[in-house]
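Listing of start38.pdb; format and content: PDB, C-alpha atoms, pLDDT in the B column.
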ATOM      1  CA  MET Z  18     165.158  49.072  58.964  1.00 46.00           C
ATOM      2  CA  ARG Z  19     168.175  48.020  61.009  1.00 47.00           C
ATOM      3  CA  PRO Z  20     171.689  47.828  59.572  1.00 49.00           C
ATOM      4  CA  ARG Z  21     172.811  44.334  58.841  1.00 47.00           C
ATOM      5  CA  THR Z  22     175.833  42.973  60.627  1.00 44.00           C
ATOM      6  CA  ALA Z  23     178.741  41.376  58.876  1.00 43.00           C
ATOM      7  CA  THR Z  24     179.236  37.634  58.919  1.00 40.00           C
ATOM      8  CA  GLY Z  25     182.221  35.423  58.295  1.00 38.00           C
ATOM      9  CA  ALA Z  26     185.755  35.456  59.614  1.00 36.00           C
ATOM     10  CA  ASP Z  27     186.083  39.220  59.573  1.00 42.00           C
ATOM     11  CA  ALA Z  28     183.124  39.587  61.949  1.00 38.00           C
ATOM     12  CA  GLN Z  29     184.695  37.593  64.781  1.00 39.00           C
ATOM     13  CA  ALA Z  30     186.886  39.146  67.421  1.00 37.00           C
ATOM     14  CA  ALA Z  31     190.219  37.635  68.335  1.00 35.00           C
ATOM     15  CA  PRO Z  32     192.843  38.683  70.915  1.00 36.00           C
ATOM     16  CA  GLY Z  33     196.059  40.378  69.942  1.00 33.00           C
ATOM     17  CA  ALA Z  34     197.946  43.665  69.956  1.00 33.00           C
ATOM     18  CA  LEU Z  35     196.284  46.591  68.302  1.00 31.00           C
ATOM     19  CA  GLY Z  36     198.014  47.951  65.253  1.00 35.00           C
ATOM     20  CA  GLY Z  37     197.892  51.429  63.809  1.00 37.00           C
ATOM     21  CA  GLY Z  38     198.331  52.460  60.230  1.00 36.00           C
ATOM     22  CA  ARG Z  39     199.261  55.348  58.038  1.00 36.00           C
ATOM     23  CA  SER Z  40     196.657  58.017  57.617  1.00 38.00           C
ATOM     24  CA  GLY Z  41     195.836  59.544  54.283  1.00 39.00           C
ATOM     25  CA  ALA Z  42     197.058  62.844  52.940  1.00 38.00           C
ATOM     26  CA  ILE Z  43     195.442  65.920  54.379  1.00 39.00           C
ATOM     27  CA  ARG Z  44     195.903  69.629  53.870  1.00 40.00           C
ATOM     28  CA  ALA Z  45     194.649  72.845  55.389  1.00 42.00           C
ATOM     29  CA  GLY Z  46     192.083  74.926  53.574  1.00 40.00           C
ATOM     30  CA  ALA Z  47     189.122  77.195  54.063  1.00 41.00           C
ATOM     31  CA  GLY Z  48     186.952  75.872  51.263  1.00 45.00           C
ATOM     32  CA  GLY Z  49     185.604  72.542  50.085  1.00 53.00           C
ATOM     33  CA  ARG Z  50     184.755  69.524  52.233  1.00 65.00           C
ATOM     34  CA  ILE Z  51     186.263  69.670  55.709  1.00 70.00           C
ATOM     35  CA  ASP Z  52     187.831  66.464  56.976  1.00 70.00           C
ATOM     36  CA  TRP Z  53     186.430  66.522  60.506  1.00 71.00           C
ATOM     37  CA  PRO Z  54     188.028  63.304  61.803  1.00 69.00           C
ATOM     38  CA  ALA Z  55     191.492  64.503  60.698  1.00 69.00           C
ATOM     39  CA  THR Z  56     190.829  67.983  62.089  1.00 73.00           C
ATOM     40  CA  LEU Z  57     189.778  66.695  65.511  1.00 73.00           C
ATOM     41  CA  PHE Z  58     192.623  64.195  65.773  1.00 68.00           C
ATOM     42  CA  LYS Z  59     195.061  67.032  65.106  1.00 66.00           C
ATOM     43  CA  GLY Z  60     193.683  68.967  68.084  1.00 68.00           C
ATOM     44  CA  ARG Z  61     190.934  71.385  68.940  1.00 68.00           C
ATOM     45  CA  PRO Z  62     190.489  73.831  66.033  1.00 69.00           C
ATOM     46  CA  ARG Z  63     190.839  77.436  67.174  1.00 72.00           C
ATOM     47  CA  ASN Z  64     190.458  79.222  63.846  1.00 74.00           C
ATOM     48  CA  ARG Z  65     189.565  78.425  60.252  1.00 72.00           C
ATOM     49  CA  GLN Z  66     193.201  77.755  59.376  1.00 69.00           C
ATOM     50  CA  ASP Z  67     193.112  74.732  61.686  1.00 72.00           C
ATOM     51  CA  LEU Z  68     190.363  73.089  59.616  1.00 73.00           C
ATOM     52  CA  LEU Z  69     191.678  70.379  57.318  1.00 69.00           C
ATOM     53  CA  GLN Z  70     190.251  69.224  54.025  1.00 69.00           C
ATOM     54  CA  ARG Z  71     191.043  66.138  52.022  1.00 62.00           C
ATOM     55  CA  PRO Z  72     192.089  66.392  48.373  1.00 55.00           C
ATOM     56  CA  ARG Z  73     189.569  64.648  46.157  1.00 52.00           C
ATOM     57  CA  SER Z  74     192.351  62.569  44.628  1.00 46.00           C
ATOM     58  CA  ALA Z  75     193.299  61.059  47.992  1.00 48.00           C
ATOM     59  CA  ARG Z  76     191.411  57.835  48.599  1.00 51.00           C
ATOM     60  CA  PRO Z  77     193.286  55.900  51.308  1.00 52.00           C
ATOM     61  CA  THR Z  78     191.829  52.744  52.732  1.00 83.00           C
ATOM     62  CA  GLU Z  79     190.493  53.760  56.115  1.00 89.00           C
ATOM     63  CA  LEU Z  80     188.439  52.152  58.848  1.00 92.00           C
ATOM     64  CA  TRP Z  81     186.621  54.296  61.389  1.00 93.00           C
ATOM     65  CA  LEU Z  82     185.523  52.339  64.444  1.00 94.00           C
ATOM     66  CA  VAL Z  83     182.826  54.178  66.408  1.00 95.00           C
ATOM     67  CA  ILE Z  84     181.688  53.209  69.908  1.00 94.00           C
ATOM     68  CA  VAL Z  85     178.382  54.820  70.888  1.00 91.00           C
ATOM     69  CA  ASP Z  86     177.375  54.948  74.554  1.00 87.00           C
ATOM     70  CA  ALA Z  87     173.556  55.060  74.582  1.00 81.00           C
ATOM     71  CA  SER Z  88     172.970  54.157  78.217  1.00 79.00           C
ATOM     72  CA  ALA Z  89     170.066  55.618  80.182  1.00 76.00           C
ATOM     73  CA  SER Z  90     172.192  58.464  81.551  1.00 74.00           C
ATOM     74  CA  THR Z  91     172.683  59.868  78.034  1.00 76.00           C
ATOM     75  CA  ARG Z  92     168.968  60.721  77.862  1.00 71.00           C
ATOM     76  CA  ARG Z  93     169.517  63.559  80.306  1.00 69.00           C
ATOM     77  CA  HIS Z  94     170.017  67.170  79.270  1.00 71.00           C
ATOM     78  CA  GLY Z  95     170.050  66.371  75.553  1.00 73.00           C
ATOM     79  CA  ALA Z  96     173.317  64.434  75.648  1.00 82.00           C
ATOM     80  CA  LEU Z  97     172.260  61.748  73.172  1.00 82.00           C
ATOM     81  CA  SER Z  98     170.672  64.299  70.844  1.00 84.00           C
ATOM     82  CA  LYS Z  99     173.986  66.134  70.597  1.00 87.00           C
ATOM     83  CA  ALA Z 100     175.785  62.854  69.987  1.00 88.00           C
ATOM     84  CA  LYS Z 101     173.401  61.964  67.161  1.00 88.00           C
ATOM     85  CA  GLY Z 102     174.115  65.272  65.463  1.00 88.00           C
ATOM     86  CA  LEU Z 103     177.841  64.561  65.573  1.00 90.00           C
ATOM     87  CA  LEU Z 104     177.373  60.965  64.409  1.00 92.00           C
ATOM     88  CA  ALA Z 105     175.247  62.024  61.454  1.00 90.00           C
ATOM     89  CA  GLU Z 106     178.103  64.199  60.204  1.00 89.00           C
ATOM     90  CA  VAL Z 107     180.728  61.500  60.862  1.00 91.00           C
ATOM     91  CA  PHE Z 108     178.690  58.914  58.929  1.00 91.00           C
ATOM     92  CA  GLU Z 109     178.174  61.319  56.040  1.00 89.00           C
ATOM     93  CA  GLN Z 110     181.882  62.177  56.024  1.00 89.00           C
ATOM     94  CA  ALA Z 111     182.731  58.471  55.901  1.00 88.00           C
ATOM     95  CA  ARG Z 112     180.359  57.998  52.977  1.00 87.00           C
ATOM     96  CA  ARG Z 113     181.906  60.865  51.031  1.00 87.00           C
ATOM     97  CA  GLN Z 114     185.441  59.645  51.689  1.00 86.00           C
ATOM     98  CA  ARG Z 115     184.532  56.000  51.063  1.00 87.00           C
ATOM     99  CA  ALA Z 116     185.944  55.046  54.438  1.00 89.00           C
ATOM    100  CA  ARG Z 117     184.740  51.828  55.996  1.00 91.00           C
ATOM    101  CA  LEU Z 118     182.798  52.004  59.238  1.00 92.00           C
ATOM    102  CA  ALA Z 119     182.395  49.759  62.235  1.00 92.00           C
ATOM    103  CA  VAL Z 120     179.826  50.778  64.853  1.00 93.00           C
ATOM    104  CA  LEU Z 121     179.467  49.315  68.347  1.00 91.00           C
ATOM    105  CA  HIS Z 122     176.274  50.134  70.270  1.00 87.00           C
ATOM    106  CA  ALA Z 123     176.900  50.193  74.043  1.00 86.00           C
ATOM    107  CA  THR Z 124     173.558  49.925  75.810  1.00 83.00           C
ATOM    108  CA  GLY Z 125     171.703  47.380  77.946  1.00 80.00           C
ATOM    109  CA  ARG Z 126     173.715  44.451  79.248  1.00 82.00           C
ATOM    110  CA  LYS Z 127     176.275  44.031  76.473  1.00 85.00           C
ATOM    111  CA  ALA Z 128     177.639  45.831  73.458  1.00 87.00           C
ATOM    112  CA  GLN Z 129     176.231  45.002  70.032  1.00 87.00           C
ATOM    113  CA  TRP Z 130     177.713  45.401  66.573  1.00 90.00           C
ATOM    114  CA  MET Z 131     175.517  47.463  64.295  1.00 87.00           C
ATOM    115  CA  TRP Z 132     177.998  47.768  61.430  1.00 85.00           C
ATOM    116  CA  GLN Z 133     181.251  45.930  60.763  1.00 85.00           C
ATOM    117  CA  GLY Z 134     183.801  47.146  58.263  1.00 82.00           C
ATOM    118  CA  GLN Z 135     181.349  48.212  55.562  1.00 83.00           C
ATOM    119  CA  GLN Z 136     180.866  51.455  53.715  1.00 83.00           C
ATOM    120  CA  ALA Z 137     178.203  53.775  55.090  1.00 79.00           C
ATOM    121  CA  THR Z 138     174.750  53.508  53.552  1.00 81.00           C
ATOM    122  CA  GLN Z 139     171.338  55.010  54.228  1.00 81.00           C
ATOM    123  CA  ALA Z 140     170.560  52.041  56.505  1.00 83.00           C
ATOM    124  CA  LEU Z 141     173.114  53.341  58.998  1.00 82.00           C
ATOM    125  CA  GLN Z 142     171.555  56.799  59.001  1.00 83.00           C
ATOM    126  CA  GLN Z 143     168.161  55.166  59.549  1.00 84.00           C
ATOM    127  CA  TRP Z 144     169.543  53.301  62.577  1.00 85.00           C
ATOM    128  CA  LEU Z 145     170.847  56.602  63.916  1.00 86.00           C
ATOM    129  CA  THR Z 146     167.447  58.245  63.487  1.00 82.00           C
ATOM    130  CA  GLU Z 147     165.827  55.486  65.552  1.00 79.00           C
ATOM    131  CA  LEU Z 148     168.590  55.345  68.180  1.00 82.00           C
ATOM    132  CA  GLY Z 149     167.360  55.785  71.733  1.00 76.00           C
ATOM    133  CA  ALA Z 150     168.966  55.557  75.153  1.00 71.00           C
ATOM    134  CA  GLY Z 151     168.277  53.106  77.954  1.00 69.00           C
ATOM    135  CA  GLY Z 152     169.677  50.370  80.146  1.00 70.00           C
ATOM    136  CA  GLY Z 153     173.132  50.051  81.580  1.00 74.00           C
ATOM    137  CA  THR Z 154     176.546  51.109  80.314  1.00 79.00           C
ATOM    138  CA  PRO Z 155     178.427  48.164  78.756  1.00 85.00           C
ATOM    139  CA  LEU Z 156     181.170  50.520  77.588  1.00 88.00           C
ATOM    140  CA  LEU Z 157     183.977  48.329  78.929  1.00 89.00           C
ATOM    141  CA  ASP Z 158     182.515  45.360  77.061  1.00 90.00           C
ATOM    142  CA  ALA Z 159     182.474  47.480  73.907  1.00 90.00           C
ATOM    143  CA  LEU Z 160     186.117  48.483  74.365  1.00 92.00           C
ATOM    144  CA  ARG Z 161     187.158  44.833  74.763  1.00 91.00           C
ATOM    145  CA  HIS Z 162     185.237  43.769  71.664  1.00 91.00           C
ATOM    146  CA  ALA Z 163     186.625  46.679  69.702  1.00 92.00           C
ATOM    147  CA  ALA Z 164     190.257  45.950  70.600  1.00 92.00           C
ATOM    148  CA  ALA Z 165     190.014  42.279  69.660  1.00 92.00           C
ATOM    149  CA  TRP Z 166     188.144  42.993  66.423  1.00 92.00           C
ATOM    150  CA  GLN Z 167     190.586  45.725  65.416  1.00 92.00           C
ATOM    151  CA  ALA Z 168     193.558  43.433  66.030  1.00 92.00           C
ATOM    152  CA  ARG Z 169     192.119  40.720  63.813  1.00 92.00           C
ATOM    153  CA  ARG Z 170     191.182  43.165  61.088  1.00 91.00           C
ATOM    154  CA  GLN Z 171     194.640  44.753  61.126  1.00 90.00           C
ATOM    155  CA  ARG Z 172     196.174  41.337  60.510  1.00 91.00           C
ATOM    156  CA  LEU Z 173     193.773  40.744  57.614  1.00 90.00           C
ATOM    157  CA  HIS Z 174     194.146  44.261  56.180  1.00 88.00           C
ATOM    158  CA  PRO Z 175     197.635  45.506  57.179  1.00 89.00           C
ATOM    159  CA  ALA Z 176     197.515  48.488  54.792  1.00 88.00           C
ATOM    160  CA  GLU Z 177     194.276  49.801  56.281  1.00 90.00           C
ATOM    161  CA  SER Z 178     194.470  52.921  58.460  1.00 91.00           C
ATOM    162  CA  GLN Z 179     192.351  52.657  61.606  1.00 93.00           C
ATOM    163  CA  ARG Z 180     190.834  55.366  63.778  1.00 94.00           C
ATOM    164  CA  LEU Z 181     188.768  54.972  66.934  1.00 95.00           C
ATOM    165  CA  LEU Z 182     185.981  57.350  67.987  1.00 96.00           C
ATOM    166  CA  ILE Z 183     184.350  56.877  71.410  1.00 95.00           C
ATOM    167  CA  ILE Z 184     181.233  58.854  72.311  1.00 94.00           C
ATOM    168  CA  THR Z 185     180.284  58.583  75.991  1.00 90.00           C
ATOM    169  CA  ASP Z 186     179.278  60.552  79.059  1.00 86.00           C
ATOM    170  CA  GLY Z 187     181.765  58.506  81.094  1.00 83.00           C
ATOM    171  CA  ARG Z 188     179.244  57.741  83.825  1.00 81.00           C
ATOM    172  CA  LEU Z 189     180.806  54.519  85.058  1.00 80.00           C
ATOM    173  CA  ARG Z 190     181.186  53.696  88.730  1.00 77.00           C
ATOM    174  CA  ASP Z 191     184.615  52.135  88.384  1.00 76.00           C
ATOM    175  CA  TRP Z 192     186.645  50.110  85.942  1.00 80.00           C
ATOM    176  CA  PRO Z 193     189.847  48.069  85.793  1.00 84.00           C
ATOM    177  CA  ALA Z 194     193.022  49.411  84.230  1.00 83.00           C
ATOM    178  CA  LEU Z 195     192.620  49.905  80.486  1.00 86.00           C
ATOM    179  CA  ALA Z 196     195.175  49.166  77.786  1.00 86.00           C
ATOM    180  CA  PRO Z 197     196.011  52.145  75.568  1.00 89.00           C
ATOM    181  CA  SER Z 198     194.513  52.150  72.092  1.00 91.00           C
ATOM    182  CA  GLY Z 199     196.926  50.966  69.407  1.00 82.00           C
ATOM    183  CA  CYS Z 200     195.491  53.355  66.813  1.00 92.00           C
ATOM    184  CA  PRO Z 201     194.688  57.089  66.901  1.00 93.00           C
ATOM    185  CA  ALA Z 202     191.697  57.533  69.211  1.00 94.00           C
ATOM    186  CA  LEU Z 203     189.354  60.371  70.050  1.00 95.00           C
ATOM    187  CA  LEU Z 204     186.942  60.387  72.987  1.00 95.00           C
ATOM    188  CA  VAL Z 205     184.064  62.851  72.770  1.00 95.00           C
ATOM    189  CA  ASP Z 206     182.510  63.581  76.153  1.00 93.00           C
ATOM    190  CA  ILE Z 207     178.733  64.098  75.948  1.00 89.00           C
ATOM    191  CA  GLU Z 208     178.137  64.561  79.681  1.00 87.00           C
ATOM    192  CA  SER Z 209     175.741  67.514  79.865  1.00 80.00           C
ATOM    193  CA  ALA Z 210     174.405  67.551  83.447  1.00 72.00           C
ATOM    194  CA  PRO Z 211     174.843  70.746  85.473  1.00 71.00           C
ATOM    195  CA  ILE Z 212     177.060  68.803  87.884  1.00 73.00           C
ATOM    196  CA  ARG Z 213     179.543  66.741  85.909  1.00 73.00           C
ATOM    197  CA  LEU Z 214     181.580  63.829  87.196  1.00 77.00           C
ATOM    198  CA  GLY Z 215     184.329  64.291  84.609  1.00 80.00           C
ATOM    199  CA  ARG Z 216     185.105  60.582  84.299  1.00 86.00           C
ATOM    200  CA  ALA Z 217     185.199  60.645  80.502  1.00 90.00           C
ATOM    201  CA  ARG Z 218     188.458  62.601  80.644  1.00 92.00           C
ATOM    202  CA  GLN Z 219     189.966  59.925  82.896  1.00 91.00           C
ATOM    203  CA  LEU Z 220     188.865  57.257  80.422  1.00 91.00           C
ATOM    204  CA  ALA Z 221     190.518  59.176  77.606  1.00 94.00           C
ATOM    205  CA  ASP Z 222     193.767  59.475  79.561  1.00 93.00           C
ATOM    206  CA  GLU Z 223     193.915  55.738  80.237  1.00 92.00           C
ATOM    207  CA  LEU Z 224     193.199  54.908  76.598  1.00 93.00           C
ATOM    208  CA  GLY Z 225     195.729  57.422  75.338  1.00 94.00           C
ATOM    209  CA  ALA Z 226     192.918  59.105  73.412  1.00 94.00           C
ATOM    210  CA  HIS Z 227     192.465  62.748  72.543  1.00 95.00           C
ATOM    211  CA  TYR Z 228     189.722  64.281  74.685  1.00 95.00           C
ATOM    212  CA  ARG Z 229     187.080  66.736  73.502  1.00 93.00           C
ATOM    213  CA  HIS Z 230     183.801  67.815  75.062  1.00 92.00           C
ATOM    214  CA  ILE Z 231     181.010  67.861  72.521  1.00 90.00           C
ATOM    215  CA  ASP Z 232     180.072  71.454  73.394  1.00 88.00           C
ATOM    216  CA  THR Z 233     183.456  72.603  72.043  1.00 87.00           C
ATOM    217  CA  LEU Z 234     182.969  71.015  68.618  1.00 83.00           C
ATOM    218  CA  PRO Z 235     181.556  73.309  65.920  1.00 71.00           C
ATOM    219  CA  VAL Z 236     180.430  70.233  63.983  1.00 52.00           C
ATOM    220  CA  VAL Z 237     177.365  69.895  66.212  1.00 47.00           C
ATOM    221  CA  HIS Z 238     176.284  73.510  65.948  1.00 41.00           C
ATOM    222  CA  GLY Z 239     174.988  73.712  62.378  1.00 37.00           C
ATOM    223  CA  SER Z 240     176.644  73.203  59.003  1.00 33.00           C
ATOM    224  CA  PRO Z 241     180.299  72.237  59.661  1.00 33.00           C
ATOM    225  CA  GLU Z 242     181.501  73.814  56.407  1.00 35.00           C
ATOM    226  CA  HIS Z 243     180.276  77.210  57.595  1.00 29.00           C
ATOM    227  CA  ALA Z 244     180.703  76.906  61.345  1.00 30.00           C
ATOM    228  CA  GLY Z 245     182.641  79.692  63.029  1.00 28.00           C
ATOM    229  CA  VAL Z 246     185.544  78.313  65.048  1.00 25.00           C
ATOM    230  CA  GLU Z 247     186.989  80.706  67.605  1.00 28.00           C
ATOM    231  CA  ALA Z 248     189.174  80.387  70.653  1.00 25.00           C
ATOM    232  CA  PRO Z 249     187.190  80.369  73.935  1.00 26.00           C
TER     233      PRO Z 249
END

This structure in structure tokens:
Amino acid sequence: MRPRTATGADAQAAPGALGGGRSGAIRAGAGGRIDWPATLFKGRPRNRQDLLQRPRSARPTELWLVIVDASASTRRHGALSKAKGLLAEVFEQARRQRARLAVLHATGRKAQWMWQGQQATQALQQWLTELGAGGGTPLLDALRHAAAWQARRQRLHPAESQRLLIITDGRLRDWPALAPSGCPALLVDIESAPIRLGRARQLADELGAHYRHIDTLPVVHGSPEHAGVEAP
């Protein structure tokens, strides 16, 4: 079963400046549900005190836009498998927090919307289970679609807080200058080859996004609530 895509005015991209929003209340804590998006946007966690959890009473209106690079290069060295583990936790976190999700699938010749501004359901997890890698890397196309769609949605929902998550191995030959993201952004590098090109970090710098390599994230190494987080 494939996730349905949204229709109507909110599903169409339009040009404009990206707008950020206010994020919900967060607090540090060692117990309860960990707010992984808020934790990672704050910076790399080095100990358990850096892990953030969201009070149950806090229910801000949030949109998490996720761009998933599933090009052929992500098949190598388990890169896509690691990404799917991270995505499964992000989708579950969004479901628990009632955040809305938008998911762009970057593979083949052009990016495709798999989810647009809806709450996470089992259909999205099913899509993730069936996700495979192949084809080219239309990541730049995905970034353009994402920026235009975010701008339109921010005009329609000005009180909504937006966050951008990009998962890619950065294996692009070249690209034109990129405009910085207008909302908090995190780029997770899934490049796992023995010899790494390191282009994902350059992409993150141009987008003004926080950069993390997936191997440094405890979320992909077992249960995130019980993962040990230590300085390297």

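The residues returned by the PyMOL selection byres ((chain Z and resi 222-233) around 7) for this structure are Phe58, Leu195, Ala196, Pro197, Ser198, Ala202, Leu203, Leu204, Val205, Asp206, Ile207, Arg218, Gln219, Leu220, Ala221, Leu234 and Pro235 of chain Z.
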
### Output check: residues returned by the PyMOL selection byres ((chain Z and resi 89-102) around 7), as a PyMOL selection string
chain Z and resi 87-88+103-106+145+150-153+186+207-210+237

#### Entry: Result set, the PyMOL selection byres ((chain Z and resi 135-142) around 10) on current file, as a PyMOL selection string
chain Z and resi 18-23+80-81+101+104-120+131-134+143-148

Output C-alpha atoms for every residue in that selection, as a PDB file, keeping the file's coordinate frame.
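What ended up in part04.pdb:
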ATOM      1  CA  MET Z  18     165.158  49.072  58.964  1.00 46.00           C
ATOM      2  CA  ARG Z  19     168.175  48.020  61.009  1.00 47.00           C
ATOM      3  CA  PRO Z  20     171.689  47.828  59.572  1.00 49.00           C
ATOM      4  CA  ARG Z  21     172.811  44.334  58.841  1.00 47.00           C
ATOM      5  CA  THR Z  22     175.833  42.973  60.627  1.00 44.00           C
ATOM      6  CA  ALA Z  23     178.741  41.376  58.876  1.00 43.00           C
ATOM      7  CA  LEU Z  80     188.439  52.152  58.848  1.00 92.00           C
ATOM      8  CA  TRP Z  81     186.621  54.296  61.389  1.00 93.00           C
ATOM      9  CA  LYS Z 101     173.401  61.964  67.161  1.00 88.00           C
ATOM     10  CA  LEU Z 104     177.373  60.965  64.409  1.00 92.00           C
ATOM     11  CA  ALA Z 105     175.247  62.024  61.454  1.00 90.00           C
ATOM     12  CA  GLU Z 106     178.103  64.199  60.204  1.00 89.00           C
ATOM     13  CA  VAL Z 107     180.728  61.500  60.862  1.00 91.00           C
ATOM     14  CA  PHE Z 108     178.690  58.914  58.929  1.00 91.00           C
ATOM     15  CA  GLU Z 109     178.174  61.319  56.040  1.00 89.00           C
ATOM     16  CA  GLN Z 110     181.882  62.177  56.024  1.00 89.00           C
ATOM     17  CA  ALA Z 111     182.731  58.471  55.901  1.00 88.00           C
ATOM     18  CA  ARG Z 112     180.359  57.998  52.977  1.00 87.00           C
ATOM     19  CA  ARG Z 113     181.906  60.865  51.031  1.00 87.00           C
ATOM     20  CA  GLN Z 114     185.441  59.645  51.689  1.00 86.00           C
ATOM     21  CA  ARG Z 115     184.532  56.000  51.063  1.00 87.00           C
ATOM     22  CA  ALA Z 116     185.944  55.046  54.438  1.00 89.00           C
ATOM     23  CA  ARG Z 117     184.740  51.828  55.996  1.00 91.00           C
ATOM     24  CA  LEU Z 118     182.798  52.004  59.238  1.00 92.00           C
ATOM     25  CA  ALA Z 119     182.395  49.759  62.235  1.00 92.00           C
ATOM     26  CA  VAL Z 120     179.826  50.778  64.853  1.00 93.00           C
ATOM     27  CA  MET Z 131     175.517  47.463  64.295  1.00 87.00           C
ATOM     28  CA  TRP Z 132     177.998  47.768  61.430  1.00 85.00           C
ATOM     29  CA  GLN Z 133     181.251  45.930  60.763  1.00 85.00           C
ATOM     30  CA  GLY Z 134     183.801  47.146  58.263  1.00 82.00           C
ATOM     31  CA  GLN Z 143     168.161  55.166  59.549  1.00 84.00           C
ATOM     32  CA  TRP Z 144     169.543  53.301  62.577  1.00 85.00           C
ATOM     33  CA  LEU Z 145     170.847  56.602  63.916  1.00 86.00           C
ATOM     34  CA  THR Z 146     167.447  58.245  63.487  1.00 82.00           C
ATOM     35  CA  GLU Z 147     165.827  55.486  65.552  1.00 79.00           C
ATOM     36  CA  LEU Z 148     168.590  55.345  68.180  1.00 82.00           C
TER      37      LEU Z 148
END

### Task
For CA of Leu181 in chain Z and CA of Arg213 in chain Z, determine how far apart the two atoms are, in Å to one decimal place.
24.2 Å

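Picture a line from CA of Arg169 in chain Z to CA of Leu182 in chain Z; it runs 18.2 Å.
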
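Taking CA of Arg190 in chain Z and CA of Arg216 in chain Z as endpoints, the distance between them is 9.1 Å.
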
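Considering the residues Z:Ile51, Z:Arg188, Z:His122, Z:Thr78 and counting all atoms listed in the file, His174 in chain Z has its shortest atom-to-atom contact with Z:Thr78.
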
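For the set Z:Ser178, Z:Gln129, Z:Thr185, Z:Thr124, the residue with the smallest atom-to-atom gap to Ala163 in chain Z is Z:Gln129, counting all atoms listed in the file.
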
### Query
Which one is closest to Val85 in chain Z: Z:Pro175, Z:Pro155, Z:Pro211, Z:Gly199? Count only C-alpha atoms.
Z:Pro155

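The shortest atom-to-atom distance to Gly187 in chain Z, with all atoms listed in the file taken into account, belongs to Z:Ala217 out of Z:Cys200, Z:Ala217, Z:Ile212, Z:Ala165.
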